[in-house]
>>> print(open('coords-v3.csv').read())   # CSV, C-alpha atoms
chain,number,residue,atom,x,y,z
A,1405,MET,CA,0.0,0.0,0.0
A,1406,THR,CA,2.9,2.3,0.8
A,1407,LEU,CA,4.3,1.9,-2.7
A,1408,SER,CA,1.0,2.6,-4.3
A,1409,CYS,CA,0.7,5.8,-2.3
A,1410,ASP,CA,4.1,6.9,-3.5
A,1411,VAL,CA,2.9,6.5,-7.1
A,1412,GLU,CA,-0.2,8.5,-6.4
A,1413,ARG,CA,1.7,11.3,-4.9
A,1414,ALA,CA,4.1,11.4,-7.8
A,1415,VAL,CA,1.4,11.6,-10.4
A,1416,ARG,CA,-0.7,14.2,-8.5
A,1417,ALA,CA,2.4,16.4,-8.2
A,1418,ALA,CA,3.3,16.2,-11.9
A,1419,ALA,CA,2.9,19.0,-14.4
A,1420,PRO,CA,-0.3,18.6,-16.6
A,1421,HIS,CA,1.7,17.6,-19.7
A,1422,ALA,CA,4.0,15.2,-17.8
A,1423,LEU,CA,1.6,12.8,-16.1
A,1424,VAL,CA,2.7,9.8,-18.1
A,1425,ASP,CA,6.4,10.6,-17.5
A,1426,ALA,CA,5.8,10.9,-13.8
A,1427,LEU,CA,3.9,7.7,-13.7
A,1428,ARG,CA,6.6,5.9,-15.7
A,1429,ALA,CA,9.3,6.9,-13.3
A,1430,ALA,CA,7.1,6.1,-10.2
A,1431,LEU,CA,6.2,2.6,-11.5
A,1432,ALA,CA,9.8,1.9,-12.3
A,1433,ALA,CA,10.9,2.8,-8.8
A,1434,ALA,CA,8.0,1.1,-7.0
A,1435,TYR,CA,7.4,-2.0,-9.1
A,1436,GLY,CA,10.5,-2.4,-11.3
A,1437,ALA,CA,8.4,-1.6,-14.5
A,1438,THR,CA,10.7,-1.7,-17.6
A,1439,ALA,CA,8.2,0.0,-19.9
A,1440,VAL,CA,5.1,2.2,-19.4
A,1441,HIS,CA,3.0,3.4,-22.4
A,1442,LEU,CA,-0.3,5.2,-22.7
A,1443,PHE,CA,-2.5,4.6,-25.8
A,1444,LEU,CA,-5.4,7.0,-26.3
A,1445,ALA,CA,-8.6,6.3,-28.3
A,1446,ASP,CA,-8.9,8.6,-31.3
A,1447,TYR,CA,-12.0,10.7,-32.0
A,1448,GLY,CA,-13.4,8.2,-34.4
A,1449,GLY,CA,-13.0,5.3,-31.9
A,1450,THR,CA,-11.1,3.1,-34.3
A,1451,VAL,CA,-7.5,3.2,-33.2
A,1452,LEU,CA,-5.4,3.6,-30.1
A,1453,ARG,CA,-2.7,6.2,-30.5
A,1454,PRO,CA,0.5,6.1,-28.5
A,1455,PHE,CA,1.0,9.1,-26.3
A,1456,SER,CA,4.2,11.0,-25.8
A,1457,SER,CA,4.7,14.5,-24.5
A,1458,LEU,CA,7.2,14.8,-27.3
A,1459,GLY,CA,4.9,13.4,-30.0
A,1460,GLU,CA,4.7,10.0,-31.7
A,1461,ASP,CA,4.7,8.6,-35.2
A,1462,PRO,CA,1.0,8.3,-36.3
A,1463,ALA,CA,1.9,5.0,-38.0
A,1464,ALA,CA,2.4,3.4,-34.6
A,1465,ALA,CA,-1.4,3.6,-33.8
A,1466,LEU,CA,-2.9,0.3,-32.8
A,1467,SER,CA,-6.2,-1.2,-34.1
A,1468,ILE,CA,-9.0,-1.4,-31.5
A,1469,SER,CA,-10.3,-4.6,-33.1
A,1470,ASN,CA,-7.3,-7.0,-33.4
A,1471,THR,CA,-4.6,-6.1,-30.9
A,1472,PRO,CA,-4.2,-7.1,-27.2
A,1473,GLU,CA,-4.5,-3.5,-26.2
A,1474,GLY,CA,-7.6,-3.1,-28.4
A,1475,ARG,CA,-9.2,-6.2,-26.9
A,1476,ALA,CA,-8.6,-4.9,-23.4
A,1477,PHE,CA,-10.1,-1.5,-24.5
A,1478,GLY,CA,-13.2,-3.2,-26.0
A,1479,SER,CA,-13.8,-5.6,-23.1
A,1480,GLN,CA,-12.8,-3.0,-20.4
A,1481,GLU,CA,-11.0,-5.8,-18.6
A,1482,ARG,CA,-7.4,-5.8,-17.7
A,1483,HIS,CA,-5.3,-8.3,-19.6
A,1484,GLU,CA,-1.9,-9.9,-19.0
A,1485,ARG,CA,0.3,-11.1,-21.8
A,1486,GLN,CA,3.7,-12.8,-21.9
A,1487,ALA,CA,6.2,-10.2,-23.3
A,1488,GLY,CA,9.2,-12.2,-24.1
A,1489,GLN,CA,11.5,-15.2,-23.4
A,1490,ASP,CA,12.7,-13.7,-20.1
A,1491,GLY,CA,9.2,-14.1,-18.6
A,1492,ALA,CA,8.3,-10.4,-18.5
A,1493,VAL,CA,4.6,-9.7,-18.5
A,1494,ASP,CA,2.7,-6.8,-20.2
A,1495,HIS,CA,-0.3,-5.6,-18.2
A,1496,HIS,CA,-2.9,-3.9,-20.5
A,1497,LEU,CA,-5.1,-1.8,-18.2
A,1498,PRO,CA,-8.2,0.2,-19.2
A,1499,VAL,CA,-8.0,4.0,-18.5
A,1500,THR,CA,-11.6,4.9,-17.9
A,1501,VAL,CA,-13.4,7.7,-16.0
A,1502,ARG,CA,-17.0,7.1,-15.0
A,1503,GLY,CA,-17.6,5.1,-18.1
A,1504,GLU,CA,-15.7,7.3,-20.5
A,1505,ARG,CA,-13.1,5.1,-22.2
A,1506,LEU,CA,-9.9,7.1,-22.7
A,1507,GLY,CA,-7.5,4.4,-23.6
A,1508,ILE,CA,-5.1,1.7,-22.4
A,1509,LEU,CA,-2.1,1.9,-20.0
A,1510,THR,CA,0.4,-0.8,-20.8
A,1511,VAL,CA,3.0,-1.7,-18.0
A,1512,ARG,CA,5.7,-4.3,-18.5
A,1513,LEU,CA,7.0,-6.0,-15.4
A,1514,PRO,CA,10.0,-8.4,-15.0
A,1515,ALA,CA,8.9,-11.9,-14.1
A,1516,ASP,CA,10.3,-11.6,-10.5
A,1517,ARG,CA,8.3,-8.4,-9.9
A,1518,ASN,CA,4.9,-9.8,-11.2
A,1519,LEU,CA,3.7,-10.7,-7.8
A,1520,PRO,CA,0.2,-11.3,-6.5
A,1521,GLY,CA,-1.6,-8.1,-5.8
A,1522,VAL,CA,0.5,-6.0,-8.1
A,1523,ALA,CA,-2.0,-6.1,-10.9
A,1524,ASP,CA,-4.6,-4.4,-8.6
A,1525,ASP,CA,-2.1,-1.6,-7.8
A,1526,LEU,CA,-1.5,-1.1,-11.5
A,1527,ALA,CA,-5.2,-1.0,-12.2
A,1528,HIS,CA,-5.4,1.7,-9.5
A,1529,ALA,CA,-2.6,3.6,-11.2
A,1530,ALA,CA,-4.6,3.5,-14.5
A,1531,ASP,CA,-7.7,4.8,-12.8
A,1532,LEU,CA,-5.7,7.6,-11.2
A,1533,LEU,CA,-4.1,8.5,-14.6
A,1534,GLY,CA,-7.5,8.8,-16.2
A,1535,HIS,CA,-8.8,11.2,-13.6
A,1536,GLU,CA,-5.7,13.3,-13.7
A,1537,ILE,CA,-5.9,13.5,-17.5
A,1538,PHE,CA,-9.4,14.9,-17.2
A,1539,VAL,CA,-8.2,17.6,-14.9
A,1540,ALA,CA,-5.0,18.3,-16.8
A,1541,GLU,CA,-6.8,18.9,-20.1
A,1542,ARG,CA,-7.9,22.3,-18.8
A,1543,ASP,CA,-4.2,23.3,-18.9
A,1544,THR,CA,-2.6,21.4,-21.8
A,1545,ASP,CA,-3.4,20.2,-25.3
A,1546,VAL,CA,-1.0,17.2,-25.4
A,1547,TYR,CA,-3.7,14.6,-24.7
A,1548,GLN,CA,-6.1,16.0,-27.2
A,1549,ARG,CA,-3.4,16.2,-29.9
A,1550,ALA,CA,-2.5,12.6,-29.3
A,1551,ARG,CA,-6.1,11.5,-30.0
A,1552,ARG,CA,-6.0,12.8,-33.6
A,1553,THR,CA,-5.3,10.7,-36.6
A,1554,THR,CA,-5.8,13.8,-38.8
A,1555,ARG,CA,-6.7,17.5,-38.3
A,1556,LEU,CA,-10.2,18.4,-37.0
A,1557,THR,CA,-12.1,21.0,-39.0
A,1558,LEU,CA,-12.8,24.1,-37.0
A,1559,ALA,CA,-16.5,23.2,-36.7
A,1560,ALA,CA,-15.6,19.7,-35.4
A,1561,GLU,CA,-13.2,21.3,-32.9
A,1562,MET,CA,-16.0,23.4,-31.6
A,1563,GLN,CA,-18.4,20.5,-31.4
A,1564,TRP,CA,-16.1,18.1,-29.5
A,1565,GLN,CA,-15.2,20.8,-27.0
A,1566,LEU,CA,-19.0,21.3,-26.3
A,1567,LEU,CA,-19.6,17.6,-25.5
A,1568,PRO,CA,-19.7,16.2,-21.9
A,1569,ALA,CA,-18.0,12.9,-22.8
A,1570,ARG,CA,-18.6,9.9,-25.0
A,1571,ALA,CA,-19.8,7.7,-22.2
A,1572,CYS,CA,-21.1,7.8,-18.6
A,1573,VAL,CA,-22.0,5.1,-16.1
A,1574,ALA,CA,-24.1,5.5,-12.9
A,1575,GLU,CA,-26.1,3.1,-10.7
A,1576,GLU,CA,-29.3,3.7,-12.7
A,1577,TYR,CA,-28.0,4.0,-16.3
A,1578,ALA,CA,-25.1,3.7,-18.7
A,1579,ILE,CA,-24.7,6.1,-21.7
A,1580,GLY,CA,-22.6,5.8,-24.8
A,1581,ALA,CA,-22.5,8.3,-27.7
A,1582,GLN,CA,-20.6,8.9,-31.0
A,1583,LEU,CA,-20.6,11.5,-33.7
A,1584,GLU,CA,-19.6,11.0,-37.4
A,1585,PRO,CA,-17.8,12.1,-39.4
A,1586,ALA,CA,-15.7,12.5,-36.2
A,1587,TYR,CA,-13.1,14.8,-37.7
A,1588,ALA,CA,-15.6,17.0,-39.7
A,1589,ILE,CA,-18.8,17.1,-37.6
A,1590,HIS,CA,-20.7,20.4,-37.7
A,1591,GLY,CA,-24.3,20.5,-36.5
A,1592,ASP,CA,-25.2,17.4,-34.4
A,1593,ASN,CA,-24.6,17.4,-30.7
A,1594,TYR,CA,-25.7,15.8,-27.4
A,1595,ASP,CA,-25.5,16.8,-23.7
A,1596,TRP,CA,-26.4,15.4,-20.4
A,1597,ALA,CA,-26.2,16.2,-16.7
A,1598,ALA,CA,-27.3,14.3,-13.6
A,1599,ASP,CA,-27.8,15.0,-9.9
A,1600,ALA,CA,-29.1,12.8,-7.0
A,1601,ASP,CA,-32.7,12.7,-8.3
A,1602,GLU,CA,-32.7,13.1,-12.1
A,1603,LEU,CA,-30.8,12.9,-15.4
A,1604,THR,CA,-31.4,15.5,-18.1
A,1605,LEU,CA,-30.4,14.6,-21.7
A,1606,ALA,CA,-30.5,16.6,-24.9
A,1607,VAL,CA,-29.9,15.5,-28.5
A,1608,THR,CA,-29.6,18.5,-30.9
A,1609,ASN,CA,-29.2,19.0,-34.6
A,1610,GLY,CA,-28.4,22.5,-35.8
A,1611,MET,CA,-29.4,23.3,-39.4
A,1612,GLY,CA,-26.8,24.1,-42.0
A,1613,THR,CA,-23.2,23.0,-42.4
A,1614,GLY,CA,-19.7,24.0,-41.3
A,1615,ILE,CA,-19.1,26.9,-38.9
A,1616,GLU,CA,-22.6,28.2,-39.2
A,1617,ALA,CA,-24.1,25.0,-38.0
A,1618,SER,CA,-21.6,24.7,-35.2
A,1619,LEU,CA,-22.2,28.2,-33.9
A,1620,LEU,CA,-26.0,27.6,-34.0
A,1621,SER,CA,-25.6,24.4,-32.0
A,1622,HIS,CA,-23.3,26.1,-29.5
A,1623,LEU,CA,-25.9,28.8,-28.8
A,1624,ALA,CA,-28.7,26.1,-28.5
A,1625,VAL,CA,-26.7,23.8,-26.1
A,1626,ASN,CA,-25.5,26.7,-23.9
A,1627,ALA,CA,-29.0,28.2,-23.8
A,1628,LEU,CA,-30.4,24.8,-22.7
A,1629,ARG,CA,-27.7,24.5,-20.1
A,1630,ASN,CA,-28.3,28.0,-18.8
A,1631,ALA,CA,-32.0,27.2,-18.4
A,1632,ARG,CA,-31.4,23.8,-16.9
A,1633,ARG,CA,-29.0,25.2,-14.3
A,1634,ALA,CA,-31.7,27.7,-13.3
A,1635,GLY,CA,-33.6,24.6,-12.0
A,1636,ILE,CA,-36.7,25.0,-14.2
A,1637,GLY,CA,-38.7,22.2,-16.0
A,1638,ILE,CA,-37.8,21.0,-19.4
A,1639,ALA,CA,-40.7,22.6,-21.2
A,1640,ASP,CA,-39.5,26.0,-19.9
A,1641,GLN,CA,-35.9,25.0,-20.8
A,1642,ALA,CA,-37.0,24.5,-24.3
A,1643,ALA,CA,-39.0,27.8,-24.4
A,1644,LEU,CA,-36.0,29.8,-23.1
A,1645,ALA,CA,-33.6,28.2,-25.6
A,1646,ASP,CA,-36.2,28.9,-28.3
A,1647,GLN,CA,-36.3,32.6,-27.4
A,1648,ALA,CA,-32.5,32.8,-27.3
A,1649,LEU,CA,-32.2,31.3,-30.8
A,1650,TYR,CA,-35.1,33.4,-32.3
A,1651,ALA,CA,-33.6,36.6,-30.8
A,1652,GLN,CA,-30.3,35.9,-32.6
A,1653,TYR,CA,-31.5,34.5,-35.9
A,1654,ARG,CA,-35.1,35.7,-36.2
A,1655,GLY,CA,-36.3,32.4,-37.5
A,1656,SER,CA,-33.7,32.1,-40.3
A,1657,ALA,CA,-32.0,29.2,-38.5
A,1658,TYR,CA,-33.3,26.7,-36.0
A,1659,VAL,CA,-32.3,23.6,-34.0
A,1660,SER,CA,-34.1,20.3,-33.9
A,1661,THR,CA,-34.0,19.0,-30.3
A,1662,LEU,CA,-35.0,16.0,-28.3
A,1663,LEU,CA,-35.0,17.0,-24.6
A,1664,LEU,CA,-35.6,14.5,-21.8
A,1665,ARG,CA,-35.6,14.4,-18.0
A,1666,PHE,CA,-35.4,11.0,-16.2
A,1667,ARG,CA,-36.5,10.6,-12.6
A,1668,LEU,CA,-33.9,8.2,-11.3
A,1669,ALA,CA,-36.1,6.8,-8.5
A,1670,THR,CA,-39.1,5.8,-10.6
A,1671,GLY,CA,-38.0,5.7,-14.3
A,1672,ARG,CA,-40.6,8.3,-15.2
A,1673,VAL,CA,-39.5,10.4,-18.2
A,1674,GLU,CA,-40.6,13.9,-19.3
A,1675,VAL,CA,-39.8,14.6,-22.9
A,1676,VAL,CA,-40.1,17.5,-25.4
A,1677,ASP,CA,-39.8,16.4,-29.0
A,1678,ALA,CA,-38.8,19.6,-30.9
A,1679,GLY,CA,-37.6,18.3,-34.2
A,1680,SER,CA,-35.9,15.5,-36.1
A,1681,PRO,CA,-33.9,13.3,-33.7
A,1682,GLN,CA,-35.7,10.0,-33.2
A,1683,LEU,CA,-36.0,7.8,-30.0
A,1684,TRP,CA,-36.1,4.0,-30.3
A,1685,ARG,CA,-36.6,1.5,-27.5
A,1686,ARG,CA,-35.6,-2.2,-27.1
A,1687,ARG,CA,-37.6,-3.8,-24.4
A,1688,GLY,CA,-37.0,-7.6,-24.2
A,1689,ARG,CA,-37.3,-8.8,-27.7
A,1690,THR,CA,-39.4,-5.9,-28.9
A,1691,ILE,CA,-37.8,-3.0,-30.8
A,1692,ASP,CA,-40.0,0.0,-31.7
A,1693,ARG,CA,-39.9,3.7,-32.0
A,1694,VAL,CA,-41.2,5.6,-29.0
A,1695,PRO,CA,-44.3,7.6,-30.1
A,1696,LEU,CA,-43.9,11.3,-29.3
A,1697,GLU,CA,-46.0,14.3,-30.2
A,1698,PRO,CA,-43.8,16.5,-32.5
A,1699,GLN,CA,-43.4,20.2,-31.7
A,1700,LEU,CA,-41.6,23.0,-33.5
A,1701,PRO,CA,-37.8,23.1,-33.6
A,1702,LEU,CA,-36.2,25.6,-31.3
A,1703,GLY,CA,-35.9,29.1,-32.8
A,1704,MET,CA,-38.3,28.7,-35.7
A,1705,PHE,CA,-40.9,31.1,-34.4
A,1706,GLU,CA,-41.1,33.7,-31.7
A,1707,GLU,CA,-42.2,32.6,-28.2
A,1708,THR,CA,-43.2,29.1,-29.1
A,1709,GLN,CA,-44.8,27.3,-26.1
A,1710,TYR,CA,-43.6,23.7,-25.4
A,1711,VAL,CA,-45.4,20.9,-23.6
A,1712,ALA,CA,-43.7,18.0,-21.9
A,1713,GLN,CA,-45.0,14.5,-22.5
A,1714,GLU,CA,-44.3,11.5,-20.3
A,1715,PHE,CA,-43.5,7.8,-20.6
A,1716,GLU,CA,-41.8,5.3,-18.4
A,1717,VAL,CA,-38.5,3.3,-18.7
A,1718,LEU,CA,-38.2,-0.1,-17.1
A,1719,PRO,CA,-35.0,-1.9,-15.8
A,1720,GLY,CA,-33.5,-3.6,-18.8
A,1721,ASP,CA,-34.8,-1.1,-21.4
A,1722,ARG,CA,-32.3,0.2,-24.0
A,1723,LEU,CA,-33.0,3.6,-25.6
A,1724,LEU,CA,-31.4,4.6,-28.8
A,1725,PHE,CA,-31.3,8.2,-30.0
A,1726,VAL,CA,-30.4,8.9,-33.7
A,1727,SER,CA,-30.2,12.0,-35.8
A,1728,ASP,CA,-31.6,12.3,-39.3
A,1729,GLY,CA,-28.1,11.6,-40.6
A,1730,VAL,CA,-28.7,8.0,-39.5
A,1731,TYR,CA,-32.3,7.1,-40.3
A,1732,ALA,CA,-32.4,9.2,-43.5
A,1733,ALA,CA,-29.0,8.2,-44.9
A,1734,VAL,CA,-29.3,6.8,-48.4
A,1735,SER,CA,-27.3,4.1,-50.2
A,1736,PRO,CA,-25.7,4.8,-53.6
A,1737,PRO,CA,-28.9,3.4,-55.3
A,1738,GLY,CA,-31.0,5.8,-53.2
A,1739,GLU,CA,-32.4,3.4,-50.6
A,1740,GLU,CA,-32.9,5.0,-47.1
A,1741,TYR,CA,-31.3,3.3,-44.1
A,1742,GLY,CA,-34.7,3.7,-42.5
A,1743,GLU,CA,-36.6,1.9,-39.8
A,1744,HIS,CA,-35.9,-1.7,-40.9
A,1745,ALA,CA,-32.1,-1.3,-41.0
A,1746,LEU,CA,-32.1,0.6,-37.7
A,1747,ALA,CA,-34.2,-2.1,-35.9
A,1748,ARG,CA,-31.8,-4.7,-37.3
A,1749,ALA,CA,-28.8,-2.8,-36.0
A,1750,ILE,CA,-30.3,-2.4,-32.6
A,1751,HIS,CA,-31.0,-6.1,-32.4
A,1752,ALA,CA,-27.5,-7.0,-33.7
A,1753,THR,CA,-25.9,-4.9,-30.9
A,1754,SER,CA,-28.0,-6.3,-28.1
A,1755,LEU,CA,-25.1,-7.9,-26.3
A,1756,LEU,CA,-22.8,-4.9,-26.4
A,1757,PRO,CA,-22.6,-2.4,-23.5
A,1758,ALA,CA,-24.0,1.0,-24.1
A,1759,ALA,CA,-20.6,2.5,-24.8
A,1760,GLY,CA,-20.0,0.1,-27.6
A,1761,VAL,CA,-23.3,0.4,-29.4
A,1762,PRO,CA,-23.0,3.8,-31.2
A,1763,ARG,CA,-19.7,2.8,-32.9
A,1764,ALA,CA,-21.2,-0.5,-34.0
A,1765,VAL,CA,-24.4,1.1,-35.4
A,1766,LEU,CA,-22.3,3.8,-37.2
A,1767,ARG,CA,-20.2,1.0,-38.8
A,1768,ASP,CA,-23.3,-0.6,-40.1
A,1769,LEU,CA,-24.5,2.8,-41.4
A,1770,ALA,CA,-21.1,3.4,-43.1
A,1771,GLU,CA,-21.6,0.1,-45.1
A,1772,HIS,CA,-25.0,1.3,-46.2
A,1773,ARG,CA,-24.6,4.9,-47.2
A,1774,ASP,CA,-22.8,6.6,-50.0
A,1775,ALA,CA,-19.1,6.7,-49.3
A,1776,GLU,CA,-19.1,10.4,-50.4
A,1777,SER,CA,-21.7,11.4,-47.8
A,1778,MET,CA,-20.6,13.8,-45.2
A,1779,ASP,CA,-23.9,14.3,-43.4
A,1780,ASP,CA,-23.6,14.4,-39.6
A,1781,ALA,CA,-24.7,11.2,-37.9
A,1782,LEU,CA,-25.3,10.9,-34.2
A,1783,VAL,CA,-26.1,7.8,-32.2
A,1784,LEU,CA,-26.6,7.8,-28.4
A,1785,CYS,CA,-27.4,4.7,-26.4
A,1786,LEU,CA,-28.9,4.7,-22.9
A,1787,ASP,CA,-29.3,1.5,-20.9
A,1788,TRP,CA,-31.6,1.9,-18.0
A,1789,PHE,CA,-31.0,-0.2,-14.8
A,1790,GLY,CA,-33.1,1.8,-12.4
A,1791,LYS,CA,-32.7,2.2,-8.6
A,1792,ALA,CA,-31.7,-1.1,-6.9
A,1793,GLY,CA,-34.9,-1.1,-4.8
A,1794,HIS,CA,-37.1,-0.8,-8.0
A,1795,ARG,CA,-35.4,-3.4,-10.2
A,1796,GLY,CA,-37.5,-6.4,-11.0
A,1797,ARG,CA,-40.8,-4.8,-10.0
>>> encode(input="coords-v3.csv", output="structure tokens")
Amino acid sequence: MTLSCDVERAVRAAAPHALVDALRAALAAAYGATAVHLFLADYGGTVLRPFSSLGEDPAAALSISNTPEGRAFGSQERHERQAGQDGAVDHHLPVTVRGERLGILTVRLPADRNLPGVADDLAHAADLLGHEIFVAERDTDVYQRARRTTRLTLAAEMQWQLLPARACVAEEYAIGAQLEPAYAIHGDNYDWAADADELTLAVTNGMGTGIEASLLSHLAVNALRNARRAGIGIADQAALADQALYAQYRGSAYVSTLLLRFRLATGRVEVVDAGSPQLWRRRGRTIDRVPLEPQLPLGMFEETQYVAQEFEVLPGDRLLFVSDGVYAAVSPPGEEYGEHALARAIHATSLLPAAGVPRAVLRDLAEHRDAESMDDALVLCLDWFGKAGHRGR
């Protein structure tokens, strides 16, 4: 335990850009580690890129699908692998913060230092590193640079900075989300926030392309956040965001929004359907679209009044939120992805955790739609577990 505390002190004292260097030195001193490497998932969620405060060759990126590090990342389980003839062992450890999968920490130990209990200490070090990276990103760009396989467009840069994370896990729910094209997204966005009693979730789609769409979405998301943080209901949140958008654009630009508030204790959900994002539900073997009363997009007309509807989620339910860039995508012959393909994709991903579903659905979409299509596509998956005392009722 003393050695583990020494490692923690060293990492917490490190400069924001030097967390991995500090961890490497601490693990070498405490556990005899001969190599320590951090691999970060790229924005598209397809490769693990090696991190270095001095930069790395992009060609050294590892596939998420067919490498030991990638398998540990996908399963979110630590994995040990023989590293050579001398008996050294590589420990591949998920770096994850509240469900957000950042990457993999690989630590190589000599055979004589790979003792019982050490793997638990290394897993603790990986968790510590993840939390410290989240804090350090306020002060350095090195971790965000390492995640990029290519340059982000300015609109995409703005959208990724607006997002809360790509995954979140709590007692009552698990969320996973992904945007495509990851390096050139412009109008689609999502947001969530939770407290002890409720989870509020928004899926937005700003009209237009490029910077204009990104600026529009920024105003909408921040207007919704401002209203949410005032502690008002979601119908009034939508109305205030609508007013902010109309005041700026006078109806020439608007934002399609699906806004929901989940009561964590009961599974009751309030929802405002203000535009094109769709909500699908898998309950047992049944997959269907949740019927909602459509209302006007935010910012289309002055002082639009919104009304919240209600439905209920049950433990075991899976909700899938998709933008029109998913269900309205067309193949080269002109066939829409549509409800049949979407239902098939939801069924095919039934065994995946929420964090893995969006990437899998978007892979299926990529095989369907025109390769030249650059329309935004957003998929967000929410698995509902409910409060422990309410499960199975």
>>> residues_around(input="coords-v3.csv", residues="region 1620-1631 of chain A", least_positions_apart="4", cutoff="6 Å", atoms="only C-alpha atoms", output="JSON, numbers by chain")
{"A": [1610, 1641, 1645]}
>>> closest_residue(input="coords-v3.csv", among="A:Gly1729, A:Gly1534, A:Pro1514, A:Pro1698", to="His1495 (chain A)", atoms="all atoms listed in the file")
A:Pro1514
>>> closest_residue(input="coords-v3.csv", among="A:Gly1612, A:Gly1503, A:Pro1757, A:Gly1703", to="Gln1652 (chain A)", atoms="only C-alpha atoms")
A:Gly1703
>>> atom_distance(input="coords-v3.csv", atom1="CA of Leu1519 (chain A)", atom2="CA of Arg1482 (chain A)")
15.7 Å
>>> closest_residue(input="coords-v3.csv", among="A:Glu1481, A:Asp1543, A:Asp1640, A:Asp1425", to="Ala1439 (chain A)", atoms="all atoms listed in the file")
A:Asp1425
>>> atom_distance(input="coords-v3.csv", atom1="CA of Leu1755 (chain A)", atom2="CA of Phe1666 (chain A)")
23.8 Å
>>> build_atoms(input="coords-v3.csv", residues="region 1655-1671 of chain A", atoms="N, CA and C atoms", output="PDB file, keeping the file's coordinate frame")
ATOM      1  N   GLY A1655     -35.632  33.438 -36.796  1.00  0.00           N
ATOM      2  CA  GLY A1655     -36.300  32.400 -37.500  1.00  0.00           C
ATOM      3  C   GLY A1655     -35.591  31.884 -38.765  1.00  0.00           C
ATOM      4  N   SER A1656     -34.472  32.508 -39.121  1.00  0.00           N
ATOM      5  CA  SER A1656     -33.700  32.100 -40.300  1.00  0.00           C
ATOM      6  C   SER A1656     -32.928  30.815 -40.084  1.00  0.00           C
ATOM      7  N   ALA A1657     -32.702  30.457 -38.819  1.00  0.00           N
ATOM      8  CA  ALA A1657     -32.000  29.200 -38.500  1.00  0.00           C
ATOM      9  C   ALA A1657     -32.623  28.669 -37.207  1.00  0.00           C
ATOM     10  N   TYR A1658     -32.667  27.348 -37.113  1.00  0.00           N
ATOM     11  CA  TYR A1658     -33.300  26.700 -36.000  1.00  0.00           C
ATOM     12  C   TYR A1658     -32.608  25.402 -35.651  1.00  0.00           C
ATOM     13  N   VAL A1659     -32.963  24.831 -34.518  1.00  0.00           N
ATOM     14  CA  VAL A1659     -32.300  23.600 -34.000  1.00  0.00           C
ATOM     15  C   VAL A1659     -33.330  22.577 -33.656  1.00  0.00           C
ATOM     16  N   SER A1660     -33.215  21.403 -34.242  1.00  0.00           N
ATOM     17  CA  SER A1660     -34.100  20.300 -33.900  1.00  0.00           C
ATOM     18  C   SER A1660     -33.513  19.670 -32.565  1.00  0.00           C
ATOM     19  N   THR A1661     -34.410  19.395 -31.627  1.00  0.00           N
ATOM     20  CA  THR A1661     -34.000  19.000 -30.300  1.00  0.00           C
ATOM     21  C   THR A1661     -34.901  17.925 -29.720  1.00  0.00           C
ATOM     22  N   LEU A1662     -34.305  16.952 -29.072  1.00  0.00           N
ATOM     23  CA  LEU A1662     -35.000  16.000 -28.300  1.00  0.00           C
ATOM     24  C   LEU A1662     -34.521  16.161 -26.838  1.00  0.00           C
ATOM     25  N   LEU A1663     -35.379  16.608 -25.928  1.00  0.00           N
ATOM     26  CA  LEU A1663     -35.000  17.000 -24.600  1.00  0.00           C
ATOM     27  C   LEU A1663     -35.742  16.096 -23.592  1.00  0.00           C
ATOM     28  N   LEU A1664     -34.992  15.427 -22.685  1.00  0.00           N
ATOM     29  CA  LEU A1664     -35.600  14.500 -21.800  1.00  0.00           C
ATOM     30  C   LEU A1664     -35.106  14.691 -20.341  1.00  0.00           C
ATOM     31  N   ARG A1665     -35.983  14.397 -19.375  1.00  0.00           N
ATOM     32  CA  ARG A1665     -35.600  14.400 -18.000  1.00  0.00           C
ATOM     33  C   ARG A1665     -36.069  13.079 -17.342  1.00  0.00           C
ATOM     34  N   PHE A1666     -35.138  12.282 -16.824  1.00  0.00           N
ATOM     35  CA  PHE A1666     -35.400  11.000 -16.200  1.00  0.00           C
ATOM     36  C   PHE A1666     -35.451  11.137 -14.694  1.00  0.00           C
ATOM     37  N   ARG A1667     -36.507  10.654 -14.056  1.00  0.00           N
ATOM     38  CA  ARG A1667     -36.500  10.600 -12.600  1.00  0.00           C
ATOM     39  C   ARG A1667     -35.853   9.268 -12.195  1.00  0.00           C
ATOM     40  N   LEU A1668     -34.741   9.390 -11.521  1.00  0.00           N
ATOM     41  CA  LEU A1668     -33.900   8.200 -11.300  1.00  0.00           C
ATOM     42  C   LEU A1668     -34.597   7.224 -10.337  1.00  0.00           C
ATOM     43  N   ALA A1669     -35.428   7.682  -9.427  1.00  0.00           N
ATOM     44  CA  ALA A1669     -36.100   6.800  -8.500  1.00  0.00           C
ATOM     45  C   ALA A1669     -37.184   5.959  -9.079  1.00  0.00           C
ATOM     46  N   THR A1670     -37.841   6.487 -10.119  1.00  0.00           N
ATOM     47  CA  THR A1670     -39.100   5.800 -10.600  1.00  0.00           C
ATOM     48  C   THR A1670     -38.988   5.422 -12.089  1.00  0.00           C
ATOM     49  N   GLY A1671     -38.071   5.998 -12.869  1.00  0.00           N
ATOM     50  CA  GLY A1671     -38.000   5.700 -14.300  1.00  0.00           C
ATOM     51  C   GLY A1671     -39.053   6.522 -15.093  1.00  0.00           C
TER      52      GLY A1671
END
